[in-house]
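Enquirer: Below is the file work22.cif, with mmCIF, C-alpha atoms and all ligand atoms.
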```
data_target
#
loop_
_atom_site.label_atom_id
_atom_site.label_comp_id
_atom_site.auth_asym_id
_atom_site.auth_seq_id
_atom_site.Cartn_x
_atom_site.Cartn_y
_atom_site.Cartn_z
CA MET D 1 -110.74 -56.24 49.57
CA PRO D 2 -112.42 -54.12 46.89
CA PRO D 3 -110.11 -52.78 44.20
CA THR D 4 -109.01 -49.15 44.43
CA VAL D 5 -108.95 -46.84 41.43
CA LEU D 6 -107.39 -43.39 41.38
CA ILE D 7 -109.04 -40.92 38.99
CA VAL D 8 -106.83 -38.04 37.86
CA GLU D 9 -108.94 -35.45 36.07
CA ASP D 10 -109.12 -31.69 36.53
CA GLU D 11 -112.69 -31.33 35.24
CA THR D 12 -114.82 -31.70 38.36
CA LYS D 13 -118.01 -32.79 36.61
CA LEU D 14 -116.29 -35.50 34.63
CA ARG D 15 -114.35 -36.69 37.67
CA ASP D 16 -117.54 -37.01 39.71
CA LEU D 17 -119.31 -38.81 36.88
CA ILE D 18 -116.57 -41.42 36.59
CA ARG D 19 -116.47 -41.76 40.36
CA SER D 20 -120.18 -42.48 40.61
CA PHE D 21 -120.06 -45.12 37.86
CA LEU D 22 -117.10 -46.92 39.42
CA GLU D 23 -118.47 -46.74 42.96
CA ARG D 24 -121.70 -48.33 41.74
CA GLU D 25 -119.58 -51.36 40.80
CA GLY D 26 -118.13 -51.64 44.29
CA ILE D 27 -114.81 -50.04 43.41
CA THR D 28 -113.13 -47.79 45.97
CA VAL D 29 -112.38 -44.47 44.28
CA LEU D 30 -109.74 -41.88 45.09
CA SER D 31 -109.51 -38.73 43.05
CA ALA D 32 -107.03 -36.00 42.22
CA ALA D 33 -107.38 -32.80 40.20
CA THR D 34 -103.68 -32.19 39.62
CA GLY D 35 -100.58 -34.21 38.86
CA ALA D 36 -99.00 -33.33 42.19
CA GLU D 37 -102.03 -34.56 44.11
CA ALA D 38 -102.09 -37.71 41.99
CA LEU D 39 -98.47 -38.57 42.75
CA ALA D 40 -98.97 -38.07 46.48
CA LEU D 41 -102.10 -40.24 46.50
CA ALA D 42 -100.55 -42.93 44.31
CA SER D 43 -97.54 -43.35 46.58
CA HIS D 44 -99.54 -43.38 49.83
CA SER D 45 -102.54 -45.44 48.78
CA GLU D 46 -101.09 -47.79 46.14
CA PRO D 47 -104.21 -47.99 43.94
CA ASP D 48 -104.74 -51.00 41.65
CA LEU D 49 -105.37 -48.80 38.65
CA VAL D 50 -105.07 -45.14 37.68
CA VAL D 51 -107.49 -43.46 35.25
CA LEU D 52 -105.42 -40.56 34.00
CA ASP D 53 -106.50 -37.59 31.93
CA LEU D 54 -103.51 -36.50 29.86
CA GLY D 55 -104.57 -32.81 29.93
CA LEU D 56 -103.72 -31.64 33.44
CA PRO D 57 -103.15 -28.09 34.70
CA ASP D 58 -99.80 -28.54 36.44
CA ILE D 59 -97.77 -31.26 34.75
CA SER D 60 -97.93 -33.10 31.47
CA GLY D 61 -100.02 -36.24 31.71
CA LEU D 62 -97.29 -38.07 29.78
CA ASP D 63 -94.72 -37.12 32.42
CA LEU D 64 -97.14 -38.41 35.02
CA VAL D 65 -97.32 -41.78 33.22
CA THR D 66 -93.53 -41.98 33.45
CA GLU D 67 -93.58 -41.06 37.15
CA LEU D 68 -96.31 -43.60 37.96
CA ARG D 69 -94.41 -46.30 36.11
CA ARG D 70 -91.22 -45.66 38.05
CA GLY D 71 -90.90 -48.62 40.35
CA SER D 72 -94.57 -49.55 40.20
CA ASP D 73 -96.63 -51.90 38.10
CA VAL D 74 -99.91 -50.06 38.74
CA ARG D 75 -102.21 -50.34 35.75
CA VAL D 76 -102.70 -47.06 33.91
CA LEU D 77 -105.64 -46.16 31.67
CA ILE D 78 -105.18 -42.84 29.89
CA LEU D 79 -107.93 -40.49 28.74
CA THR D 80 -107.02 -38.58 25.60
CA ALA D 81 -108.66 -36.22 23.11
CA MET D 82 -109.93 -38.01 20.02
CA SER D 83 -107.60 -35.95 17.84
CA SER D 84 -104.33 -36.55 19.67
CA GLU D 85 -103.19 -39.88 18.29
CA GLU D 86 -99.56 -39.02 18.99
CA ASP D 87 -100.24 -38.52 22.72
CA ARG D 88 -102.06 -41.81 22.81
CA ILE D 89 -99.20 -43.71 21.21
CA ARG D 90 -96.64 -41.92 23.33
CA GLY D 91 -98.62 -42.73 26.48
CA LEU D 92 -98.68 -46.41 25.57
CA GLU D 93 -94.99 -46.35 24.77
CA LEU D 94 -94.32 -44.86 28.18
CA GLY D 95 -96.10 -47.79 29.77
CA ALA D 96 -99.82 -46.98 29.94
CA ASP D 97 -101.84 -50.18 29.52
CA ASP D 98 -104.88 -48.88 27.70
CA TYR D 99 -106.62 -45.69 26.62
CA VAL D 100 -110.10 -44.27 26.13
CA THR D 101 -110.71 -41.26 23.89
CA LYS D 102 -112.88 -38.32 24.93
CA PRO D 103 -115.79 -38.01 24.68
CA PHE D 104 -116.56 -41.49 26.04
CA SER D 105 -119.51 -43.25 27.56
CA PRO D 106 -119.02 -43.72 31.32
CA ARG D 107 -120.40 -47.23 30.95
CA GLU D 108 -117.72 -48.13 28.42
CA LEU D 109 -115.02 -46.67 30.64
CA THR D 110 -116.36 -48.72 33.55
CA LEU D 111 -116.21 -51.93 31.48
CA ARG D 112 -112.63 -51.19 30.48
CA VAL D 113 -111.65 -50.56 34.08
CA GLN D 114 -113.29 -53.80 35.19
CA ALA D 115 -111.57 -55.77 32.41
CA MET D 116 -108.20 -54.29 33.39
CA LEU D 117 -108.75 -55.09 37.06
CA ARG D 118 -109.64 -58.68 36.18
CA ARG D 119 -106.55 -59.14 34.05
CA GLY D 120 -104.30 -58.36 36.93
CA ARG D 121 -105.77 -60.99 39.22
CA GLY D 122 -105.46 -64.71 39.58
CA PRO D 123 -102.59 -66.95 38.59
CA ASP D 124 -101.48 -67.27 35.00
CA GLU D 125 -102.00 -70.54 33.25
CA GLY D 126 -99.29 -73.03 32.52
CA SER D 127 -96.34 -74.37 34.40
CA HIS D 128 -94.46 -72.35 36.97
CA GLN D 129 -91.11 -71.99 35.28
CA ARG D 130 -90.56 -72.08 31.59
CA SER D 131 -87.32 -71.77 29.71
CA PHE D 132 -86.89 -70.95 26.04
CA GLY D 133 -83.92 -70.98 23.70
CA ASN D 134 -81.49 -72.80 26.03
CA GLY D 135 -82.03 -70.38 28.85
CA LEU D 136 -82.05 -67.25 26.69
CA LEU D 137 -85.50 -66.47 28.05
CA GLU D 138 -87.04 -67.71 31.30
CA ILE D 139 -90.54 -67.00 32.52
CA ASP D 140 -91.05 -67.67 36.21
CA ASP D 141 -94.73 -67.52 37.13
CA ASP D 142 -94.12 -68.09 40.84
CA GLN D 143 -91.79 -65.13 41.15
CA HIS D 144 -93.69 -63.22 38.46
CA GLU D 145 -90.31 -62.70 36.88
CA VAL D 146 -88.85 -62.73 33.38
CA ARG D 147 -85.13 -63.31 32.91
CA VAL D 148 -83.03 -62.82 29.81
CA ARG D 149 -79.75 -64.75 29.98
CA GLY D 150 -80.40 -65.06 33.70
CA VAL D 151 -80.88 -61.35 34.29
CA PRO D 152 -84.30 -60.33 35.66
CA ILE D 153 -86.12 -57.61 33.76
CA SER D 154 -89.13 -55.63 34.84
CA LEU D 155 -92.22 -55.66 32.64
CA SER D 156 -95.51 -53.79 32.77
CA ARG D 157 -98.62 -55.92 33.15
CA THR D 158 -99.42 -55.56 29.48
CA GLU D 159 -95.93 -56.61 28.43
CA TRP D 160 -96.09 -59.57 30.82
CA GLY D 161 -99.45 -60.55 29.30
CA LEU D 162 -98.12 -60.26 25.75
CA LEU D 163 -95.03 -62.31 26.42
CA ASN D 164 -97.05 -64.99 28.20
CA GLU D 165 -99.48 -65.22 25.35
CA LEU D 166 -96.66 -65.62 22.81
CA ALA D 167 -95.03 -68.19 25.07
CA ARG D 168 -98.15 -70.39 25.21
CA THR D 169 -97.10 -71.88 21.89
CA PRO D 170 -93.58 -70.87 20.84
CA GLY D 171 -93.23 -70.77 17.07
CA ARG D 172 -96.94 -70.17 16.51
CA VAL D 173 -97.77 -66.84 14.86
CA TYR D 174 -100.17 -64.70 16.85
CA SER D 175 -102.06 -61.97 15.02
CA ARG D 176 -102.17 -58.52 16.53
CA TYR D 177 -105.91 -58.98 16.92
CA GLU D 178 -105.38 -62.11 19.01
CA LEU D 179 -102.78 -60.35 21.11
CA VAL D 180 -105.04 -57.38 21.75
CA ASN D 181 -107.77 -59.69 22.99
CA ALA D 182 -105.36 -61.73 25.07
CA VAL D 183 -103.95 -58.79 26.99
CA ARG D 184 -107.12 -56.77 27.31
CA GLY D 185 -109.70 -59.46 27.82
CA TYR D 186 -112.33 -58.03 25.52
CA GLU D 187 -112.89 -57.52 21.83
CA TRP D 188 -111.53 -54.35 20.52
CA GLY D 189 -111.52 -53.01 16.96
CA GLY D 190 -107.87 -53.64 16.17
CA TYR D 191 -105.53 -50.79 16.79
CA GLU D 192 -102.41 -52.41 15.48
CA ARG D 193 -99.98 -49.68 16.39
CA VAL D 194 -100.82 -50.19 20.04
CA ILE D 195 -99.65 -53.80 19.98
CA ASP D 196 -96.65 -52.73 17.92
CA SER D 197 -95.63 -50.15 20.51
CA HIS D 198 -96.02 -52.65 23.36
CA VAL D 199 -93.92 -55.18 21.45
CA LYS D 200 -91.33 -52.47 20.81
CA ASN D 201 -91.11 -51.77 24.55
CA LEU D 202 -90.98 -55.44 25.34
CA ARG D 203 -88.15 -56.01 22.88
CA ARG D 204 -86.19 -53.11 24.29
CA LYS D 205 -86.52 -54.56 27.79
CA LEU D 206 -85.57 -58.02 26.54
CA GLY D 207 -82.42 -56.47 25.11
CA GLU D 208 -83.33 -57.40 21.58
CA ASP D 209 -81.44 -56.12 18.56
CA SER D 210 -84.41 -54.90 16.50
CA ALA D 211 -82.66 -55.78 13.23
CA HIS D 212 -82.02 -59.36 14.37
CA PRO D 213 -84.51 -60.25 17.10
CA GLN D 214 -83.80 -63.55 18.82
CA ILE D 215 -86.87 -63.77 21.00
CA ILE D 216 -89.85 -62.12 19.33
CA GLU D 217 -90.09 -62.32 15.57
CA THR D 218 -92.29 -60.06 13.44
CA VAL D 219 -94.30 -61.93 10.84
CA LEU D 220 -95.02 -59.34 8.19
CA GLY D 221 -98.67 -58.57 7.64
CA ILE D 222 -99.80 -60.92 10.41
CA GLY D 223 -98.29 -60.45 13.82
CA TYR D 224 -95.63 -61.88 16.08
CA ARG D 225 -94.23 -65.13 17.35
CA LEU D 226 -91.85 -66.26 20.00
CA MET D 227 -88.97 -67.80 18.08
CA PRO D 228 -86.93 -69.99 20.37
CA ARG D 229 -88.09 -73.53 20.97
CA ARG D 230 -88.89 -74.47 24.49
CA ASP D 231 -86.00 -76.35 26.06
CA GLY D 232 -86.39 -80.10 26.12
CA SER D 233 -89.57 -80.16 24.07
CA CA W 1 -108.23 -32.14 31.57
#
```
Give the structure from this file in structure tokens form.
Ligand code: CA
Expert:
Amino acid sequence: MPPTVLIVEDETKLRDLIRSFLEREGITVLSAATGAEALALASHSEPDLVVLDLGLPDISGLDLVTELRRGSDVRVLILTAMSSEEDRIRGLELGADDYVTKPFSPRELTLRVQAMLRRGRGPDEGSHQRSFGNGLLEIDDDQHEVRVRGVPISLSRTEWGLLNELARTPGRVYSRYELVNAVRGYEWGGYERVIDSHVKNLRRKLGEDSAHPQIIETVLGIGYRLMPRRDGS
């Protein structure tokens, strides 16, 4: 089945341009000009990915990110003005997976969309169930579930990707640059705050005390590592 992408953009010309580029790649495209339309389409059609312009006429694009994230792991790519760094960061904190700033080349946007669609497919590497820190953290690939002290928590795709990357080699320090490439699947001129905000979300979901993290440690000036040793290894 071809992947389905929902474009949410109130500027007709831009919406049609994105649509034609994505359709050329065999992607099924749905489109909405308002937040209300987008929510209705997203719940009925369950797209694989949403391309979301943050500047919408009826509701705030950031509120829409929150709504889309509620009970869904749909991938979200936000479109933001070059100048609005705060919106971008906020959008990522709310659970968007990636962003593109306006003005952008439609070809670049298409490549990003394709990379994001690829990331969400196929099984993850490694064994099916991994336990770290005497059961503090469990990653269950079969169930696509992460548990902290036995309690399942829900992660966005990007958070899942980050945690899995860190868990490939517990104790090894991963640079932000490595983590960006691991979760996005392409090279990307490092935007460190983006990884930082994803790690912040991930830690909150893992129930970490930010002053004394037990699972993900910050290595100053470099990046992050998963602290606990894998049980029995
Ligand atoms: Ca707009």
Enquirer: Show me which residues sit within 12 Å of ligand CA 1 (chain W) when counting only C-alpha atoms and all ligand atoms, and put them as a PyMOL selection string.
Expert: chain D and resi 7-15+32-35+51-61+78-81+102-103
Enquirer: For D:Leu111, which of D:Glu25, D:Glu93, D:Asp16, D:Glu46 is the closest residue, counting only C-alpha atoms?
Expert: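 Closest to D:Leu111, using only C-alpha atoms: D:Glu25.
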Enquirer: Can you list, as a VMD selection string, every protein, DNA or RNA residue that comes within 10 Å of D:Leu22 when you count only C-alpha atoms, leaving out same-chain residues fewer than 3 positions away?
Expert: chain D and resid 4 to 5 16 to 19 25 to 29 106 to 107 109 to 111 113 to 114
Enquirer: In Å, how far is it from atom CA of D:Gly95 to atom CA of D:Arg119?
Expert: 16.0 Å
Enquirer: Quick check, in Å to one decimal: how far apart do atom CA of D:Leu94 and atom CA of D:Val199 lie?
Expert: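 For atom CA of D:Leu94 relative to atom CA of D:Val199, the distance reads 12.3 Å.
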Enquirer: Could you rebuild stretch 95-111 of chain D with N, CA, C and O atoms and give me the result as a PDB file, in the coordinates of the input?
Expert:
```
ATOM      1  N   GLY D  95     -95.710 -46.731  28.842  1.00  0.00           N
ATOM      2  CA  GLY D  95     -96.100 -47.790  29.770  1.00  0.00           C
ATOM      3  C   GLY D  95     -97.553 -47.798  30.197  1.00  0.00           C
ATOM      4  O   GLY D  95     -97.948 -48.603  31.033  1.00  0.00           O
ATOM      5  N   ALA D  96     -98.387 -46.893  29.648  1.00  0.00           N
ATOM      6  CA  ALA D  96     -99.820 -46.980  29.940  1.00  0.00           C
ATOM      7  C   ALA D  96    -100.342 -48.285  29.341  1.00  0.00           C
ATOM      8  O   ALA D  96     -99.813 -48.777  28.348  1.00  0.00           O
ATOM      9  N   ASP D  97    -101.371 -48.869  29.965  1.00  0.00           N
ATOM     10  CA  ASP D  97    -101.840 -50.180  29.520  1.00  0.00           C
ATOM     11  C   ASP D  97    -102.985 -50.086  28.525  1.00  0.00           C
ATOM     12  O   ASP D  97    -103.205 -50.995  27.745  1.00  0.00           O
ATOM     13  N   ASP D  98    -103.727 -49.004  28.577  1.00  0.00           N
ATOM     14  CA  ASP D  98    -104.880 -48.880  27.700  1.00  0.00           C
ATOM     15  C   ASP D  98    -105.259 -47.404  27.629  1.00  0.00           C
ATOM     16  O   ASP D  98    -104.741 -46.594  28.392  1.00  0.00           O
ATOM     17  N   TYR D  99    -106.168 -47.077  26.693  1.00  0.00           N
ATOM     18  CA  TYR D  99    -106.620 -45.690  26.620  1.00  0.00           C
ATOM     19  C   TYR D  99    -108.094 -45.657  26.252  1.00  0.00           C
ATOM     20  O   TYR D  99    -108.636 -46.615  25.704  1.00  0.00           O
ATOM     21  N   VAL D 100    -108.732 -44.539  26.568  1.00  0.00           N
ATOM     22  CA  VAL D 100    -110.100 -44.270  26.130  1.00  0.00           C
ATOM     23  C   VAL D 100    -110.073 -42.845  25.603  1.00  0.00           C
ATOM     24  O   VAL D 100    -109.448 -41.972  26.199  1.00  0.00           O
ATOM     25  N   THR D 101    -110.716 -42.620  24.439  1.00  0.00           N
ATOM     26  CA  THR D 101    -110.710 -41.260  23.890  1.00  0.00           C
ATOM     27  C   THR D 101    -111.947 -40.512  24.347  1.00  0.00           C
ATOM     28  O   THR D 101    -113.027 -41.080  24.499  1.00  0.00           O
ATOM     29  N   LYS D 102    -111.768 -39.208  24.562  1.00  0.00           N
ATOM     30  CA  LYS D 102    -112.880 -38.320  24.930  1.00  0.00           C
ATOM     31  C   LYS D 102    -113.552 -37.830  23.647  1.00  0.00           C
ATOM     32  O   LYS D 102    -112.845 -37.549  22.678  1.00  0.00           O
ATOM     33  N   PRO D 103    -114.846 -37.670  23.607  1.00  0.00           N
ATOM     34  CA  PRO D 103    -115.790 -38.010  24.680  1.00  0.00           C
ATOM     35  C   PRO D 103    -116.043 -39.513  24.715  1.00  0.00           C
ATOM     36  O   PRO D 103    -115.970 -40.174  23.698  1.00  0.00           O
ATOM     37  N   PHE D 104    -116.330 -40.053  25.915  1.00  0.00           N
ATOM     38  CA  PHE D 104    -116.560 -41.490  26.040  1.00  0.00           C
ATOM     39  C   PHE D 104    -117.826 -41.719  26.840  1.00  0.00           C
ATOM     40  O   PHE D 104    -118.319 -40.819  27.521  1.00  0.00           O
ATOM     41  N   SER D 105    -118.353 -42.924  26.735  1.00  0.00           N
ATOM     42  CA  SER D 105    -119.510 -43.250  27.560  1.00  0.00           C
ATOM     43  C   SER D 105    -118.970 -43.774  28.890  1.00  0.00           C
ATOM     44  O   SER D 105    -118.058 -44.604  28.910  1.00  0.00           O
ATOM     45  N   PRO D 106    -119.516 -43.274  30.008  1.00  0.00           N
ATOM     46  CA  PRO D 106    -119.020 -43.720  31.320  1.00  0.00           C
ATOM     47  C   PRO D 106    -119.183 -45.228  31.487  1.00  0.00           C
ATOM     48  O   PRO D 106    -118.377 -45.877  32.161  1.00  0.00           O
ATOM     49  N   ARG D 107    -120.202 -45.786  30.829  1.00  0.00           N
ATOM     50  CA  ARG D 107    -120.400 -47.230  30.950  1.00  0.00           C
ATOM     51  C   ARG D 107    -119.241 -47.968  30.269  1.00  0.00           C
ATOM     52  O   ARG D 107    -118.738 -48.958  30.787  1.00  0.00           O
ATOM     53  N   GLU D 108    -118.829 -47.473  29.111  1.00  0.00           N
ATOM     54  CA  GLU D 108    -117.720 -48.130  28.420  1.00  0.00           C
ATOM     55  C   GLU D 108    -116.443 -48.027  29.248  1.00  0.00           C
ATOM     56  O   GLU D 108    -115.693 -48.993  29.401  1.00  0.00           O
ATOM     57  N   LEU D 109    -116.212 -46.843  29.805  1.00  0.00           N
ATOM     58  CA  LEU D 109    -115.020 -46.670  30.640  1.00  0.00           C
ATOM     59  C   LEU D 109    -115.044 -47.658  31.808  1.00  0.00           C
ATOM     60  O   LEU D 109    -114.042 -48.289  32.136  1.00  0.00           O
ATOM     61  N   THR D 110    -116.225 -47.812  32.420  1.00  0.00           N
ATOM     62  CA  THR D 110    -116.360 -48.720  33.550  1.00  0.00           C
ATOM     63  C   THR D 110    -116.021 -50.158  33.139  1.00  0.00           C
ATOM     64  O   THR D 110    -115.307 -50.875  33.852  1.00  0.00           O
ATOM     65  N   LEU D 111    -116.501 -50.569  31.963  1.00  0.00           N
ATOM     66  CA  LEU D 111    -116.210 -51.930  31.480  1.00  0.00           C
ATOM     67  C   LEU D 111    -114.717 -52.121  31.252  1.00  0.00           C
ATOM     68  O   LEU D 111    -114.150 -53.161  31.586  1.00  0.00           O
TER      69      LEU D 111
END
```
